[in-house]
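Dropping coords-v7.pdb in here (PDB, C-alpha atoms and all ligand atoms):
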```
ATOM      1  CA  MET A   1     178.289  -1.573 191.473
ATOM      2  CA  MET A   2     179.602   1.279 193.581
ATOM      3  CA  VAL A   3     177.169   3.787 195.082
ATOM      4  CA  GLU A   4     178.553   7.269 195.749
ATOM      5  CA  THR A   5     176.810  10.190 197.442
ATOM      6  CA  THR A   6     179.489  12.891 197.673
ATOM      7  CA  ILE A   7     181.093  14.994 194.951
ATOM      8  CA  GLN A   8     184.513  14.438 196.470
ATOM      9  CA  SER A   9     184.314  10.632 196.350
ATOM     10  CA  MET A  10     182.878  10.787 192.846
ATOM     11  CA  THR A  11     185.607  13.051 191.433
ATOM     12  CA  GLY A  12     188.280  10.872 193.083
ATOM     13  CA  LEU A  13     186.817   7.775 191.465
ATOM     14  CA  MET A  14     186.498   9.431 188.049
ATOM     15  CA  ASP A  15     190.089  10.765 188.204
ATOM     16  CA  LYS A  16     191.296   7.232 188.871
ATOM     17  CA  THR A  17     189.194   5.852 186.000
ATOM     18  CA  LYS A  18     190.594   8.451 183.576
ATOM     19  CA  SER A  19     194.176   7.851 184.665
ATOM     20  CA  MET A  20     193.724   4.198 183.687
ATOM     21  CA  GLY A  21     192.765   5.367 180.177
ATOM     22  CA  LYS A  22     189.165   4.162 180.500
ATOM     23  CA  SER A  23     186.272   5.876 178.720
ATOM     24  CA  ILE A  24     183.297   7.010 180.801
ATOM     25  CA  GLY A  25     179.650   6.850 179.706
ATOM     26  CA  PHE A  26     177.123   8.860 181.734
ATOM     27  CA  VAL A  27     173.347   8.526 182.060
ATOM     28  CA  PRO A  28     171.691  11.278 184.132
ATOM     29  CA  THR A  29     168.282  10.390 185.625
ATOM     30  CA  MET A  30     165.859  11.429 188.322
ATOM     31  CA  GLY A  31     165.258   7.828 189.380
ATOM     32  CA  ALA A  32     161.984   5.844 189.295
ATOM     33  CA  LEU A  33     163.807   3.945 186.592
ATOM     34  CA  HIS A  34     162.041   2.093 183.773
ATOM     35  CA  HIS A  35     163.049   0.362 180.533
ATOM     36  CA  GLY A  36     163.566   3.750 178.827
ATOM     37  CA  HIS A  37     166.332   4.604 181.287
ATOM     38  CA  MET A  38     167.718   1.072 181.015
ATOM     39  CA  ALA A  39     168.027   1.417 177.232
ATOM     40  CA  LEU A  40     170.317   4.413 177.822
ATOM     41  CA  VAL A  41     172.389   2.443 180.338
ATOM     42  CA  LYS A  42     172.671  -0.490 177.914
ATOM     43  CA  GLN A  43     173.813   1.758 175.076
ATOM     44  CA  ALA A  44     176.428   3.334 177.357
ATOM     45  CA  ARG A  45     177.483  -0.177 178.430
ATOM     46  CA  LYS A  46     178.105  -1.111 174.775
ATOM     47  CA  GLU A  47     180.109   2.009 173.952
ATOM     48  CA  CYS A  48     182.099   2.847 177.106
ATOM     49  CA  ASP A  49     184.468   1.141 179.560
ATOM     50  CA  VAL A  50     182.845   2.533 182.689
ATOM     51  CA  VAL A  51     179.134   3.384 183.016
ATOM     52  CA  VAL A  52     177.972   5.973 185.540
ATOM     53  CA  CYS A  53     174.322   6.713 186.242
ATOM     54  CA  SER A  54     173.138   9.561 188.440
ATOM     55  CA  ILE A  55     169.907   9.501 190.417
ATOM     56  CA  PHE A  56     169.000  12.984 191.554
ATOM     57  CA  VAL A  57     165.546  14.546 191.676
ATOM     58  CA  ASN A  58     166.619  18.050 190.703
ATOM     59  CA  PRO A  59     164.410  20.492 192.652
ATOM     60  CA  ILE A  60     165.342  23.553 190.566
ATOM     61  CA  GLN A  61     163.879  22.139 187.356
ATOM     62  CA  PHE A  62     160.383  21.794 188.873
ATOM     63  CA  ASP A  63     158.125  24.817 188.540
ATOM     64  CA  LYS A  64     155.396  23.280 190.714
ATOM     65  CA  ALA A  65     156.012  22.104 194.287
ATOM     66  CA  GLU A  66     153.278  19.481 193.873
ATOM     67  CA  ASP A  67     155.073  17.847 190.921
ATOM     68  CA  LEU A  68     158.352  17.768 192.881
ATOM     69  CA  ASN A  69     156.725  16.367 196.029
ATOM     70  CA  LYS A  70     154.822  13.710 194.109
ATOM     71  CA  TYR A  71     157.796  12.656 191.981
ATOM     72  CA  PRO A  72     158.181   8.880 192.580
ATOM     73  CA  ARG A  73     161.237   7.911 194.638
ATOM     74  CA  THR A  74     162.257   4.239 194.471
ATOM     75  CA  LEU A  75     165.997   4.255 195.239
ATOM     76  CA  GLU A  76     166.479   0.635 196.372
ATOM     77  CA  LYS A  77     164.655  -0.750 193.351
ATOM     78  CA  ASP A  78     166.531   1.636 191.030
ATOM     79  CA  LEU A  79     169.933   0.547 192.345
ATOM     80  CA  ALA A  80     169.041  -3.123 191.839
ATOM     81  CA  ALA A  81     167.915  -2.406 188.249
ATOM     82  CA  LEU A  82     171.109  -0.458 187.493
ATOM     83  CA  GLU A  83     173.293  -3.245 188.833
ATOM     84  CA  GLN A  84     171.369  -5.745 186.707
ATOM     85  CA  ALA A  85     171.855  -3.562 183.579
ATOM     86  CA  GLY A  86     175.635  -3.491 184.079
ATOM     87  CA  CYS A  87     176.065   0.004 185.522
ATOM     88  CA  ASP A  88     179.410   0.405 187.330
ATOM     89  CA  VAL A  89     178.782   3.476 189.482
ATOM     90  CA  ALA A  90     175.571   5.092 190.768
ATOM     91  CA  PHE A  91     175.877   8.702 191.904
ATOM     92  CA  CYS A  92     173.037   9.606 194.289
ATOM     93  CA  PRO A  93     173.755  12.949 195.979
ATOM     94  CA  GLU A  94     171.464  14.820 198.400
ATOM     95  CA  VAL A  95     170.173  18.265 197.396
ATOM     96  CA  GLU A  96     172.558  20.029 199.846
ATOM     97  CA  GLU A  97     175.532  18.255 198.245
ATOM     98  CA  MET A  98     174.627  19.510 194.764
ATOM     99  CA  TYR A  99     173.410  22.978 195.797
ATOM    100  CA  PRO A 100     175.237  24.308 198.869
ATOM    101  CA  LYS A 101     174.437  27.837 197.604
ATOM    102  CA  LYS A 102     170.910  28.989 196.737
ATOM    103  CA  GLU A 103     171.684  31.378 193.883
ATOM    104  CA  HIS A 104     171.994  30.019 190.356
ATOM    105  CA  LYS A 105     173.255  31.198 186.986
ATOM    106  CA  THR A 106     170.754  32.173 184.293
ATOM    107  CA  TYR A 107     171.351  30.743 180.824
ATOM    108  CA  ASP A 108     170.137  32.123 177.537
ATOM    109  CA  PHE A 109     169.425  29.519 174.895
ATOM    110  CA  GLY A 110     167.520  31.913 172.628
ATOM    111  CA  LEU A 111     164.308  30.414 171.326
ATOM    112  CA  LEU A 112     165.203  26.854 172.377
ATOM    113  CA  ASP A 113     164.194  27.168 176.025
ATOM    114  CA  LYS A 114     161.307  29.596 175.520
ATOM    115  CA  VAL A 115     158.923  27.593 173.323
ATOM    116  CA  MET A 116     156.790  24.567 174.231
ATOM    117  CA  GLU A 117     158.002  23.185 177.601
ATOM    118  CA  GLY A 118     159.762  26.494 178.253
ATOM    119  CA  ARG A 119     156.470  28.379 177.872
ATOM    120  CA  PHE A 120     154.525  26.105 180.189
ATOM    121  CA  ARG A 121     157.283  25.341 182.740
ATOM    122  CA  LYS A 122     159.046  28.597 183.622
ATOM    123  CA  GLY A 123     162.697  28.105 184.574
ATOM    124  CA  HIS A 124     162.591  24.394 183.799
ATOM    125  CA  PHE A 125     165.410  24.291 181.250
ATOM    126  CA  ASN A 126     167.566  26.664 183.277
ATOM    127  CA  GLY A 127     167.336  24.134 186.112
ATOM    128  CA  VAL A 128     168.109  21.287 183.714
ATOM    129  CA  ALA A 129     171.138  23.149 182.288
ATOM    130  CA  ILE A 130     172.525  23.893 185.762
ATOM    131  CA  VAL A 131     172.302  20.286 186.933
ATOM    132  CA  VAL A 132     173.577  18.777 183.673
ATOM    133  CA  LYS A 133     176.605  21.099 183.605
ATOM    134  CA  LYS A 134     177.374  20.338 187.257
ATOM    135  CA  LEU A 135     177.054  16.577 186.763
ATOM    136  CA  ILE A 136     179.211  16.654 183.620
ATOM    137  CA  GLU A 137     181.896  18.605 185.489
ATOM    138  CA  ILE A 138     181.855  16.084 188.352
ATOM    139  CA  ILE A 139     181.742  12.932 186.229
ATOM    140  CA  THR A 140     183.807  14.136 183.224
ATOM    141  CA  PRO A 141     182.201  11.626 180.834
ATOM    142  CA  ASP A 142     183.374  11.023 177.275
ATOM    143  CA  ARG A 143     179.758  10.433 176.253
ATOM    144  CA  ALA A 144     176.464  11.365 177.916
ATOM    145  CA  TYR A 145     173.205   9.656 176.939
ATOM    146  CA  PHE A 146     169.831  11.395 176.747
ATOM    147  CA  GLY A 147     166.417  10.182 175.563
ATOM    148  CA  GLU A 148     164.711  11.613 172.484
ATOM    149  CA  LYS A 149     161.524  11.313 174.546
ATOM    150  CA  ASP A 150     162.501  14.696 176.023
ATOM    151  CA  TYR A 151     163.282  16.126 172.611
ATOM    152  CA  GLN A 152     163.516  19.786 173.616
ATOM    153  CA  GLN A 153     165.745  18.878 176.575
ATOM    154  CA  LEU A 154     168.088  17.025 174.209
ATOM    155  CA  GLN A 155     168.391  20.137 172.000
ATOM    156  CA  VAL A 156     168.965  22.373 175.052
ATOM    157  CA  VAL A 157     171.670  20.032 176.381
ATOM    158  CA  LYS A 158     173.435  19.912 172.984
ATOM    159  CA  THR A 159     173.404  23.723 172.923
ATOM    160  CA  LEU A 160     174.621  23.951 176.550
ATOM    161  CA  VAL A 161     177.579  21.712 175.733
ATOM    162  CA  ARG A 162     178.465  23.858 172.689
ATOM    163  CA  GLN A 163     178.037  27.175 174.516
ATOM    164  CA  GLU A 164     180.043  26.096 177.559
ATOM    165  CA  ASN A 165     182.659  24.124 175.578
ATOM    166  CA  LEU A 166     182.088  21.004 177.668
ATOM    167  CA  PRO A 167     184.316  18.177 176.380
ATOM    168  CA  VAL A 168     181.579  15.544 176.086
ATOM    169  CA  GLN A 169     179.680  13.947 173.230
ATOM    170  CA  ILE A 170     175.883  14.067 173.659
ATOM    171  CA  ILE A 171     174.108  10.996 172.339
ATOM    172  CA  GLY A 172     170.345  10.953 171.709
ATOM    173  CA  CYS A 173     168.602   7.573 172.132
ATOM    174  CA  PRO A 174     165.218   6.491 170.718
ATOM    175  CA  THR A 175     162.049   6.628 172.812
ATOM    176  CA  ILE A 176     161.054   3.346 174.446
ATOM    177  CA  ARG A 177     157.293   2.709 174.494
ATOM    178  CA  GLU A 178     154.715   0.418 176.038
ATOM    179  CA  ALA A 179     153.153  -2.108 173.635
ATOM    180  CA  ASP A 180     150.194   0.285 173.160
ATOM    181  CA  GLY A 181     152.517   3.147 172.154
ATOM    182  CA  LEU A 182     152.556   5.160 175.386
ATOM    183  CA  ALA A 183     156.082   6.519 175.920
ATOM    184  CA  LEU A 184     157.577   5.148 179.136
ATOM    185  CA  SER A 185     157.781   7.832 181.814
ATOM    186  CA  SER A 186     158.328   7.871 185.563
ATOM    187  CA  ARG A 187     155.070   9.828 185.748
ATOM    188  CA  ASN A 188     152.994   6.997 184.214
ATOM    189  CA  VAL A 189     152.629   5.305 187.627
ATOM    190  CA  ARG A 190     150.576   8.317 188.730
ATOM    191  CA  LEU A 191     147.906   7.704 186.060
ATOM    192  CA  ASN A 192     144.657   6.205 187.360
ATOM    193  CA  PRO A 193     143.261   3.215 185.385
ATOM    194  CA  ALA A 194     140.954   5.371 183.222
ATOM    195  CA  GLN A 195     143.757   7.830 182.392
ATOM    196  CA  ARG A 196     146.144   4.974 181.627
ATOM    197  CA  ARG A 197     143.584   3.439 179.257
ATOM    198  CA  GLU A 198     143.251   6.700 177.319
ATOM    199  CA  ALA A 199     146.914   7.773 177.373
ATOM    200  CA  PRO A 200     147.927   5.828 174.203
ATOM    201  CA  LEU A 201     145.825   8.394 172.290
ATOM    202  CA  ILE A 202     148.803  10.742 172.676
ATOM    203  CA  PHE A 203     151.079   8.620 170.470
ATOM    204  CA  GLN A 204     148.163   7.690 168.199
ATOM    205  CA  SER A 205     147.584  11.390 167.521
ATOM    206  CA  LEU A 206     151.291  11.814 166.658
ATOM    207  CA  ARG A 207     151.081   8.866 164.246
ATOM    208  CA  THR A 208     148.029  10.447 162.646
ATOM    209  CA  ALA A 209     149.931  13.735 162.296
ATOM    210  CA  LYS A 210     152.701  11.845 160.500
ATOM    211  CA  GLU A 211     150.220  10.154 158.155
ATOM    212  CA  LEU A 212     148.501  13.461 157.347
ATOM    213  CA  PHE A 213     151.780  15.360 156.955
ATOM    214  CA  PRO A 214     152.267  14.824 153.190
ATOM    215  CA  GLU A 215     148.809  16.042 152.200
ATOM    216  CA  GLN A 216     147.433  18.445 154.828
ATOM    217  CA  THR A 217     148.391  21.952 155.959
ATOM    218  CA  ILE A 218     150.106  22.547 159.315
ATOM    219  CA  GLU A 219     146.917  24.168 160.645
ATOM    220  CA  GLN A 220     144.764  21.199 159.584
ATOM    221  CA  ILE A 221     147.150  18.725 161.205
ATOM    222  CA  LYS A 222     147.316  20.693 164.463
ATOM    223  CA  LYS A 223     143.513  20.882 164.591
ATOM    224  CA  LYS A 224     143.169  17.143 164.019
ATOM    225  CA  VAL A 225     145.653  16.265 166.789
ATOM    226  CA  ALA A 226     143.921  18.564 169.297
ATOM    227  CA  GLU A 227     140.526  17.062 168.385
ATOM    228  CA  MET A 228     141.789  13.497 168.780
ATOM    229  CA  VAL A 229     143.301  14.094 172.211
ATOM    230  CA  ASN A 230     140.539  16.316 173.573
ATOM    231  CA  ALA A 231     137.895  13.780 172.466
ATOM    232  CA  SER A 232     138.936  11.790 175.534
ATOM    233  CA  PRO A 233     137.334  13.005 178.785
ATOM    234  CA  GLU A 234     140.551  11.981 180.590
ATOM    235  CA  LEU A 235     142.979  14.054 178.484
ATOM    236  CA  GLU A 236     143.500  17.724 177.726
ATOM    237  CA  ILE A 237     146.035  18.962 175.215
ATOM    238  CA  GLU A 238     148.392  21.668 176.461
ATOM    239  CA  TYR A 239     150.228  22.184 173.166
ATOM    240  CA  PHE A 240     151.004  20.450 169.914
ATOM    241  CA  GLU A 241     153.687  22.167 167.857
ATOM    242  CA  ILE A 242     155.255  21.276 164.552
ATOM    243  CA  VAL A 243     158.849  22.509 164.677
ATOM    244  CA  ASP A 244     162.210  22.519 162.914
ATOM    245  CA  ALA A 245     164.055  19.521 164.426
ATOM    246  CA  ASP A 246     167.217  21.563 165.104
ATOM    247  CA  THR A 247     166.099  25.072 166.000
ATOM    248  CA  LEU A 248     162.604  24.206 167.358
ATOM    249  CA  GLU A 249     161.231  27.144 165.372
ATOM    250  CA  ALA A 250     157.555  26.653 164.545
ATOM    251  CA  VAL A 251     157.027  25.491 160.968
ATOM    252  CA  THR A 252     154.111  27.346 159.453
ATOM    253  CA  ASP A 253     154.443  26.400 155.824
ATOM    254  CA  LYS A 254     155.550  22.947 154.711
ATOM    255  CA  GLY A 255     156.748  24.311 151.395
ATOM    256  CA  GLN A 256     159.460  26.445 153.091
ATOM    257  CA  LYS A 257     162.454  24.115 152.849
ATOM    258  CA  ALA A 258     163.194  20.420 153.154
ATOM    259  CA  ILE A 259     164.118  20.220 156.833
ATOM    260  CA  PRO A 260     163.407  17.478 159.369
ATOM    261  CA  VAL A 261     160.265  18.423 161.244
ATOM    262  CA  VAL A 262     159.152  17.108 164.649
ATOM    263  CA  GLY A 263     155.694  17.108 166.196
ATOM    264  CA  CYS A 264     155.923  17.783 169.940
ATOM    265  CA  ILE A 265     152.967  17.324 172.260
ATOM    266  CA  ALA A 266     152.149  17.911 175.939
ATOM    267  CA  VAL A 267     148.957  16.530 177.451
ATOM    268  CA  LYS A 268     147.435  16.691 180.914
ATOM    269  CA  ALA A 269     145.764  13.621 182.333
ATOM    270  CA  GLY A 270     144.293  15.046 185.532
ATOM    271  CA  GLY A 271     147.293  16.278 187.523
ATOM    272  CA  VAL A 272     149.806  14.292 185.460
ATOM    273  CA  ARG A 273     151.579  15.983 182.574
ATOM    274  CA  LEU A 274     152.816  13.753 179.737
ATOM    275  CA  ILE A 275     154.996  14.692 176.749
ATOM    276  CA  ASP A 276     155.890  12.899 173.547
ATOM    277  CA  ASN A 277     157.179  13.657 170.049
ATOM    278  CA  LEU A 278     157.592  12.126 166.608
ATOM    279  CA  LEU A 279     159.602  12.953 163.508
ATOM    280  CA  LEU A 280     156.887  13.753 160.929
ATOM    281  CA  ASN A 281     158.728  13.713 157.618
ATOM    282  CA  ALA A 282     161.152  10.791 157.720
TER
HETATM  283  P1  LIG B 301     164.309  11.449 183.751
HETATM  284  O1  LIG B 301     164.642  10.486 184.836
HETATM  285  O2  LIG B 301     162.847  11.515 183.425
HETATM  286  O3  LIG B 301     164.945  12.806 183.946
HETATM  287  O4  LIG B 301     164.973  10.858 182.441
HETATM  288  C1  LIG B 301     166.335  10.544 182.393
HETATM  289  C2  LIG B 301     166.719  10.265 180.967
HETATM  290  O5  LIG B 301     165.953   9.163 180.482
HETATM  291  C3  LIG B 301     166.425  11.448 180.032
HETATM  292  O6  LIG B 301     167.484  11.578 179.100
HETATM  293  C4  LIG B 301     165.149  11.024 179.360
HETATM  294  O7  LIG B 301     164.967  11.611 178.082
HETATM  295  C5  LIG B 301     165.360   9.514 179.250
HETATM  296  N1  LIG B 301     164.074   8.843 179.074
HETATM  297  C6  LIG B 301     162.955   8.987 179.829
HETATM  298  N2  LIG B 301     161.950   8.253 179.330
HETATM  299  C7  LIG B 301     162.435   7.629 178.225
HETATM  300  C8  LIG B 301     161.882   6.730 177.259
HETATM  301  N3  LIG B 301     160.619   6.341 177.324
HETATM  302  N4  LIG B 301     162.685   6.293 176.263
HETATM  303  C9  LIG B 301     163.983   6.701 176.171
HETATM  304  N5  LIG B 301     164.563   7.542 177.039
HETATM  305  C10 LIG B 301     163.799   8.008 178.058
END
```

Could you rewrite the structure in this file as structure tokens?
Amino acid sequence: MMVETTIQSMTGLMDKTKSMGKSIGFVPTMGALHHGHMALVKQARKECDVVVCSIFVNPIQFDKAEDLNKYPRTLEKDLAALEQAGCDVAFCPEVEEMYPKKEHKTYDFGLLDKVMEGRFRKGHFNGVAIVVKKLIEIITPDRAYFGEKDYQQLQVVKTLVRQENLPVQIIGCPTIREADGLALSSRNVRLNPAQRREAPLIFQSLRTAKELFPEQTIEQIKKKVAEMVNASPELEIEYFEIVDADTLEAVTDKGQKAIPVVGCIAVKAGGVRLIDNLLLNA
């Protein structure tokens, strides 16, 4: 596996790859890699000739300095895991390489980046959009792989690609979970033992929402989920929203129309923020 740190070396390598007629699959990450990331790499490995994975903790998508500073950084271990999973190129730039200038464009994604995560993490999706566009321009992938775990991010990225006419196919991949249902996340290592014990309640509450979906009202389901999560002294619900799977508009009345509907949740376990989601009507 090759490890590149500069944009110039990366674009040179990608130009050469393209000129040989090879397809490029791209998996963007912030490192601290786990089996969820590896599932994306493996899917790219199956579908593309050359697999590129980026490891870059993107400072401009963090709204809290504490979260950025405490973000786990495990580069050596990550590179070994990527090599093992069959990745061909790891792109690991420094912040100055990606952002030589301080000022950044502001995107407008309408409702998509204002609800849920957008409400609680100001500027987060703008930072995500900036880094994803930059990485796609450097790597020029045919396909880019994103986890459904970050459902709103996936919708924002799909919209970014449409709005900016980026010639890449965005592929959403299923959420990988621990045996007890907790969605894998780089932040899970920051949970203390008591928080880790209680954290599976997050997915359990989503499963309950799905079970209740056919017979209860949206309000009843939302109340039940909040009660389940908040019953734990270790967890505090930040939001649970039931939304149109495409537009992320809040669904208030189930009778409206037959659209796929997703339940999206954010929970705080002490200083650690965890998110998850589940399709409720499929
Ligand atoms: P991150 O390093 O957290 O920015 O995540 C990089 C990519 O991995 C994103 O597309 C995430 O949605 C995806 N990802 C993170 N956790 C999981 C998971 N548990 N299952 C599947 N994909 C995931």

Restrict the calculation to only C-alpha atoms, then for each residue of segment 167-203 of chain A with any atom at most 7 Å from an atom of segment 229-242 of chain A give the closest atom pair and their distance in Å to one decimal, rows by chain and rising residue number, as a Markdown table.
```
| residue | atom | partner | partner_atom | distance |
| --- | --- | --- | --- | --- |
| A:Gln195 | CA | A:Glu234 | CA | 5.5 |
| A:Glu198 | CA | A:Glu234 | CA | 6.8 |
| A:Leu201 | CA | A:Val229 | CA | 6.2 |
| A:Ile202 | CA | A:Val229 | CA | 6.5 |
```

With the cut-off set at 9 Å and counting all atoms listed in the file, tabulate each residue of segment 92-210 of chain A with an atom at most that distance from an atom of segment 32-51 of chain A, showing the nearest atom pair and its distance in Å to one decimal, ordered by chain and increasing number, as CSV.
```
residue,atom,partner,partner_atom,distance
A:Asp142,CA,A:Cys48,CA,8.3
A:Arg143,CA,A:Ala44,CA,7.9
A:Ala144,CA,A:Ala44,CA,8.1
A:Tyr145,CA,A:Leu40,CA,6.1
A:Phe146,CA,A:Leu40,CA,7.1
A:Gly147,CA,A:Leu40,CA,7.3
A:Lys149,CA,A:Gly36,CA,8.9
A:Gly172,CA,A:Leu40,CA,9.0
A:Cys173,CA,A:Leu40,CA,6.7
A:Pro174,CA,A:Gly36,CA,8.7
A:Thr175,CA,A:Gly36,CA,6.8
A:Ile176,CA,A:Gly36,CA,5.1
A:Arg177,CA,A:Gly36,CA,7.7
A:Ala183,CA,A:Gly36,CA,8.5
A:Leu184,CA,A:Gly36,CA,6.2
A:Ser185,CA,A:His34,CA,7.4
A:Ser186,CA,A:Ala32,CA,5.6
A:Arg187,CA,A:Ala32,CA,8.7
```

- Message: When you look at Val3 of chain A with a cut-off of 12 Å (counting only C-alpha atoms), what residues show up, excluding the ones that are within fewer than 3 positions of it in the same chain? I need them as a count of residues only.
- Response: 23

Contacts of segment 60-66 of chain A at 12 Å (all atoms listed in the file; same-chain gap of 6+ positions) as a CSV table (one decimal) with C-alpha atoms, keeping the file's coordinate frame:
```csv
chain,number,residue,atom,x,y,z
A,30,MET,CA,165.9,11.4,188.3
A,72,PRO,CA,158.2,8.9,192.6
A,95,VAL,CA,170.2,18.3,197.4
A,98,MET,CA,174.6,19.5,194.8
A,99,TYR,CA,173.4,23.0,195.8
A,102,LYS,CA,170.9,29.0,196.7
A,103,GLU,CA,171.7,31.4,193.9
A,104,HIS,CA,172.0,30.0,190.4
A,105,LYS,CA,173.3,31.2,187.0
A,106,THR,CA,170.8,32.2,184.3
A,117,GLU,CA,158.0,23.2,177.6
A,118,GLY,CA,159.8,26.5,178.3
A,119,ARG,CA,156.5,28.4,177.9
A,120,PHE,CA,154.5,26.1,180.2
A,121,ARG,CA,157.3,25.3,182.7
A,122,LYS,CA,159.0,28.6,183.6
A,123,GLY,CA,162.7,28.1,184.6
A,124,HIS,CA,162.6,24.4,183.8
A,125,PHE,CA,165.4,24.3,181.2
A,126,ASN,CA,167.6,26.7,183.3
A,127,GLY,CA,167.3,24.1,186.1
A,128,VAL,CA,168.1,21.3,183.7
A,129,ALA,CA,171.1,23.1,182.3
A,130,ILE,CA,172.5,23.9,185.8
A,131,VAL,CA,172.3,20.3,186.9
A,132,VAL,CA,173.6,18.8,183.7
A,153,GLN,CA,165.7,18.9,176.6
A,271,GLY,CA,147.3,16.3,187.5
A,272,VAL,CA,149.8,14.3,185.5
A,273,ARG,CA,151.6,16.0,182.6
```

- Excluding same-chain residues fewer than 2 positions from Pro167 of chain A, what lies within 12 Å of it counting only C-alpha atoms, as an NGL selection string? :A and (133 or 136-137 or 139-144 or 158 or 160-165 or 169-170)

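The space separating atom CA of Ala81 of chain A from atom CA of Arg190 of chain A comes to 20.4 Å.
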
- Item | From A:Lys18, A:Lys254, A:Lys101, A:Arg73, residue lying nearest ligand LIG 301 (chain B) [only C-alpha atoms and all ligand atoms] |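 Looking only at the distances to ligand LIG 301 (chain B), the closest residue turns out to be A:Arg73.
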
- Message: Using Å and a single decimal, report how far atom CA of Glu148 of chain A sits from atom CA of Leu279 of chain A.
- Response: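 Result for atom CA of Leu279 of chain A versus atom CA of Glu148 of chain A: 10.4 Å, one decimal.
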
Coordinates of box centre and edge lengths for ligand LIG 301 (chain B), 3 Å on every side, axis-aligned, as lines of an AutoDock Vina configuration file:
```
center_x = 164.1
center_y = 9.5
center_z = 180.5
size_x = 12.9
size_y = 12.5
size_z = 14.7
```

- Message: If I take atom O5 of ligand LIG 301 (chain B) and atom CA of Ala179 of chain A, how far is one from the other in Å, to one decimal?
- Response: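 Going from atom O5 of ligand LIG 301 (chain B) over to atom CA of Ala179 of chain A, I get 18.4 Å.
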
- Task: Taking the file above as input, evaluate the PyMOL selection byres (((chain A and resi 274-278) around 6) and not hetatm) and report the hits as a PyMOL selection string.
- Result: chain A and resi 149+262-267+273+279-280

- Task: Evaluate the PyMOL selection byres (((chain A and resi 110) around 12) and not hetatm) here and jot the selected residues down as an MDAnalysis selection string.
- Result: chainID A and resid 107:109 111:115 118 125:126 155:156 159:160 163 247:249
